[in-house]
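**Student:** The structure under discussion is supplied below as structure tokens; questions concerning it will follow.
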Amino acid sequence: MSRVALVTGAARGIGAATVAALAEQGWRVLAVDRAADDPDLPYPMGSEDELAAVAGASDRIRARHADVRDLDALRSAVAEAEERWGGLDAAIAAAGVIAGGVPLWEVPPEQEKAVLDVDLGGVINLARAAIPALLRRPEPRSGRFVAVASAAATRGLPQLAAYCAAKAGVTGAIRALGVELGETGVTANAVSPGSTDTPILAESARLYGLPAAGAFAAQQPVRRLLAPAEVAAVVAFLASPRSGGMTGAVVPVDGGLAL
């Protein structure tokens, strides 16, 4: 029987790459995204067309519109996955946004709120909505909750304080979930990407006044940007039964940035 996953932030970037990786491995995947711009953020979000393209790549994928700040919408998405495919085996929190470009005390409050509410609140909301479904699988179960954190969780990035705070919160929540889930057979882990070729990195370059996202490659020992698929490969492993010996872990996928 195919395993079933729900992935947020699925329209593009690491989320879209994770959906593709799981579908290629035989998973059934509910690809969840707001698929609309956010009036509080100054750059384009994933679009309806992008989400449709992700879902259209395989008959194993279905698209679902939901904002991770809306707990009821996420609970409804989880219910759809259970009703459509008979249960849920993995929930991957990949939705993320960024804002800043000025010191923390100058960031517009609405932008700060959007970053905290999506990047940290969205992970917590998905945990609230999805973990009960993971626990509904019969024993012995192998449910997986996986979050996308960031190297920003442990590095002080100037003019991105809200993003750093949110991602540090994600890693703390994952560690606590790992303990709380204990012997249930459900685990909680995170990946911590470095500079990855995504729209968030492109927006980071704009906020720093850099000519392009490629300028960030120099800070990583591998001297290149990571591809979203490289991060997604590790997410897919953490979502699989083979990762059962790991919980509460934050796995760097950062080209050596943390060294």
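Every chain in the structure tokens has a letter given in the order shown (A, B, ...), and although residue numbers restart at 1 in each chain, ligands are simply numbered from 1 in the order shown.
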Return as JSON lines the residues of stretch 160-179 of chain A lying at most 12 Å from stretch 84-93 of chain A, together with the closest atom-to-atom pair for each and the distance in Å to one decimal, counting only C-alpha atoms, with rows in chain order and ascending residue number.
**Tutor:**
```
{"residue": "A:Lys167", "atom": "CA", "partner": "A:Ala93", "partner_atom": "CA", "distance": 12.0}
{"residue": "A:Val170", "atom": "CA", "partner": "A:Ala93", "partner_atom": "CA", "distance": 10.0}
{"residue": "A:Ile174", "atom": "CA", "partner": "A:Ala93", "partner_atom": "CA", "distance": 11.2}
```
**Student:** Mind dumping the selected residues with N, CA and C atoms as an mmCIF file, in the first residue's frame?
**Tutor:**
```
data_model
loop_
_atom_site.group_PDB
_atom_site.id
_atom_site.type_symbol
_atom_site.label_atom_id
_atom_site.label_comp_id
_atom_site.auth_asym_id
_atom_site.auth_seq_id
_atom_site.Cartn_x
_atom_site.Cartn_y
_atom_site.Cartn_z
ATOM 1 N N LYS A 167 12.706 30.519 12.490
ATOM 2 C CA LYS A 167 13.362 29.243 12.201
ATOM 3 C C LYS A 167 13.989 28.633 13.457
ATOM 4 N N VAL A 170 11.240 26.889 15.089
ATOM 5 C CA VAL A 170 10.938 25.599 14.454
ATOM 6 C C VAL A 170 11.828 24.503 15.021
ATOM 7 N N ILE A 174 10.561 21.202 17.099
ATOM 8 C CA ILE A 174 10.841 19.838 16.639
ATOM 9 C C ILE A 174 11.494 19.010 17.748
#
```
**Student:** Give me, as a Markdown table, each residue of stretch 51-160 of chain A that comes within 12 Å of stretch 179-191 of chain A, together with its shortest interatomic pair and the distance in Å at one decimal, counting only C-alpha atoms, with rows ordered by chain and rising residue number.
**Tutor:**
```
| residue | atom | partner | partner_atom | distance |
| --- | --- | --- | --- | --- |
| A:Leu88 | CA | A:Val186 | CA | 11.3 |
| A:Asp89 | CA | A:Val186 | CA | 8.9 |
| A:Ala90 | CA | A:Val186 | CA | 9.0 |
| A:Ala91 | CA | A:Ala188 | CA | 9.6 |
| A:Ile92 | CA | A:Ala190 | CA | 9.2 |
| A:Ala93 | CA | A:Ala190 | CA | 9.1 |
| A:Ala94 | CA | A:Val191 | CA | 9.9 |
| A:Val123 | CA | A:Ala190 | CA | 10.7 |
| A:Ile124 | CA | A:Ala188 | CA | 11.9 |
| A:Ala127 | CA | A:Ala188 | CA | 9.5 |
| A:Ala130 | CA | A:Val186 | CA | 11.2 |
| A:Ile131 | CA | A:Val186 | CA | 8.2 |
| A:Pro132 | CA | A:Val186 | CA | 10.2 |
| A:Ala133 | CA | A:Val186 | CA | 10.5 |
| A:Leu134 | CA | A:Val186 | CA | 7.0 |
| A:Leu135 | CA | A:Val186 | CA | 7.1 |
| A:Arg136 | CA | A:Val186 | CA | 10.5 |
| A:Arg137 | CA | A:Val186 | CA | 9.7 |
| A:Pro138 | CA | A:Gly185 | CA | 9.9 |
| A:Glu139 | CA | A:Gly185 | CA | 7.7 |
| A:Pro140 | CA | A:Gly185 | CA | 6.7 |
| A:Arg141 | CA | A:Gly185 | CA | 5.1 |
| A:Ser142 | CA | A:Gly185 | CA | 5.1 |
| A:Gly143 | CA | A:Val186 | CA | 4.2 |
| A:Arg144 | CA | A:Thr187 | CA | 5.1 |
| A:Phe145 | CA | A:Ala188 | CA | 4.6 |
| A:Val146 | CA | A:Asn189 | CA | 5.0 |
| A:Ala147 | CA | A:Ala190 | CA | 4.6 |
| A:Val148 | CA | A:Val191 | CA | 5.2 |
| A:Ala149 | CA | A:Val191 | CA | 5.8 |
| A:Ser150 | CA | A:Val191 | CA | 7.2 |
| A:Ala151 | CA | A:Val191 | CA | 9.2 |
| A:Ala152 | CA | A:Val191 | CA | 11.8 |
| A:Ala153 | CA | A:Val191 | CA | 10.9 |
```
**Student:** Just checking: using only C-alpha atoms, which residue out of A:Ala23, A:Val54, A:Leu257, A:Ala213 ends up closest to A:Arg3?
**Tutor:** A:Ala23
**Student:** So how many Å separate atom CA of A:Val32 and atom CA of A:Gly255, to one decimal?
**Tutor:**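 Between atom CA of A:Val32 and atom CA of A:Gly255 the gap is 27.8 Å.
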**Student:** Quick one: of A:Thr154, A:Met246, A:Glu203, A:Arg62, who's nearest to A:Ala258, counting only C-alpha atoms?
**Tutor:**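 Looking only at the distances to A:Ala258, the closest residue turns out to be A:Thr154.
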**Student:** Quick one: which stretch 162-242 of chain A residues come within 9 Å of stretch 117-122 of chain A, and what is the nearest atom pair for each with the distance in Å to one decimal, counting only C-alpha atoms, rows ordered by chain and ascending number, as a tab-separated table?
**Tutor:**
```
residue	atom	partner	partner_atom	distance
A:Tyr163	CA	A:Asp119	CA	7.6
A:Ala165	CA	A:Leu120	CA	8.7
A:Ala166	CA	A:Leu120	CA	5.0
A:Lys167	CA	A:Leu120	CA	6.7
A:Ala168	CA	A:Leu120	CA	8.7
A:Gly169	CA	A:Leu120	CA	6.3
A:Val170	CA	A:Leu120	CA	5.8
A:Ala173	CA	A:Leu120	CA	8.9
```
**Student:** Could you check the closest approach to A:Ala227 for each of A:Ala212, A:Ala55, A:Leu30, A:Ile14 and tell me which residue wins, using only C-alpha atoms?
**Tutor:**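 When distances to A:Ala227 are compared using only C-alpha atoms, the smallest one comes from A:Ile14.
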**Student:** Which polymer residues have any atom within 8 Å of an atom of A:Ala35, counting only C-alpha atoms, with same-chain residues fewer than 6 positions away left out, as a list in words?
**Tutor:**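 Final neighbour list, sorted by chain and number: Ala11, Met45, Gly46, Ser47, Glu48, Glu50, Leu51 and His65 of chain A.
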**Student:** Write the residues of the preceding selection, restricted to N, CA, C and O atoms, as a compact mmCIF listing (two decimals), in the first residue's frame.
**Tutor:**
```
# COMPACT_ATOMS: atom_id res chain seq x y z
N ALA A 11 3.77 24.74 -3.86
CA ALA A 11 3.70 25.29 -5.22
C ALA A 11 5.06 25.50 -5.85
O ALA A 11 5.17 25.51 -7.08
N MET A 45 4.11 35.36 -4.15
CA MET A 45 4.04 34.03 -3.55
C MET A 45 3.86 32.99 -4.67
O MET A 45 3.72 33.32 -5.84
N GLY A 46 3.86 31.71 -4.28
CA GLY A 46 3.54 30.66 -5.24
C GLY A 46 2.15 30.89 -5.83
O GLY A 46 1.25 31.37 -5.15
N SER A 47 1.99 30.53 -7.08
CA SER A 47 0.76 30.85 -7.79
C SER A 47 -0.13 29.63 -8.02
O SER A 47 0.30 28.48 -7.85
N GLU A 48 -1.33 29.91 -8.42
CA GLU A 48 -2.28 28.85 -8.80
C GLU A 48 -1.70 28.00 -9.92
O GLU A 48 -1.79 26.76 -9.89
N GLU A 50 1.46 27.50 -10.67
CA GLU A 50 2.57 26.69 -10.19
C GLU A 50 2.08 25.47 -9.41
O GLU A 50 2.60 24.37 -9.57
N LEU A 51 1.08 25.67 -8.57
CA LEU A 51 0.53 24.54 -7.81
C LEU A 51 -0.10 23.53 -8.75
O LEU A 51 0.07 22.31 -8.58
N HIS A 65 -5.84 23.95 -1.79
CA HIS A 65 -5.56 25.32 -1.39
C HIS A 65 -5.80 25.48 0.11
O HIS A 65 -6.87 25.15 0.61
```
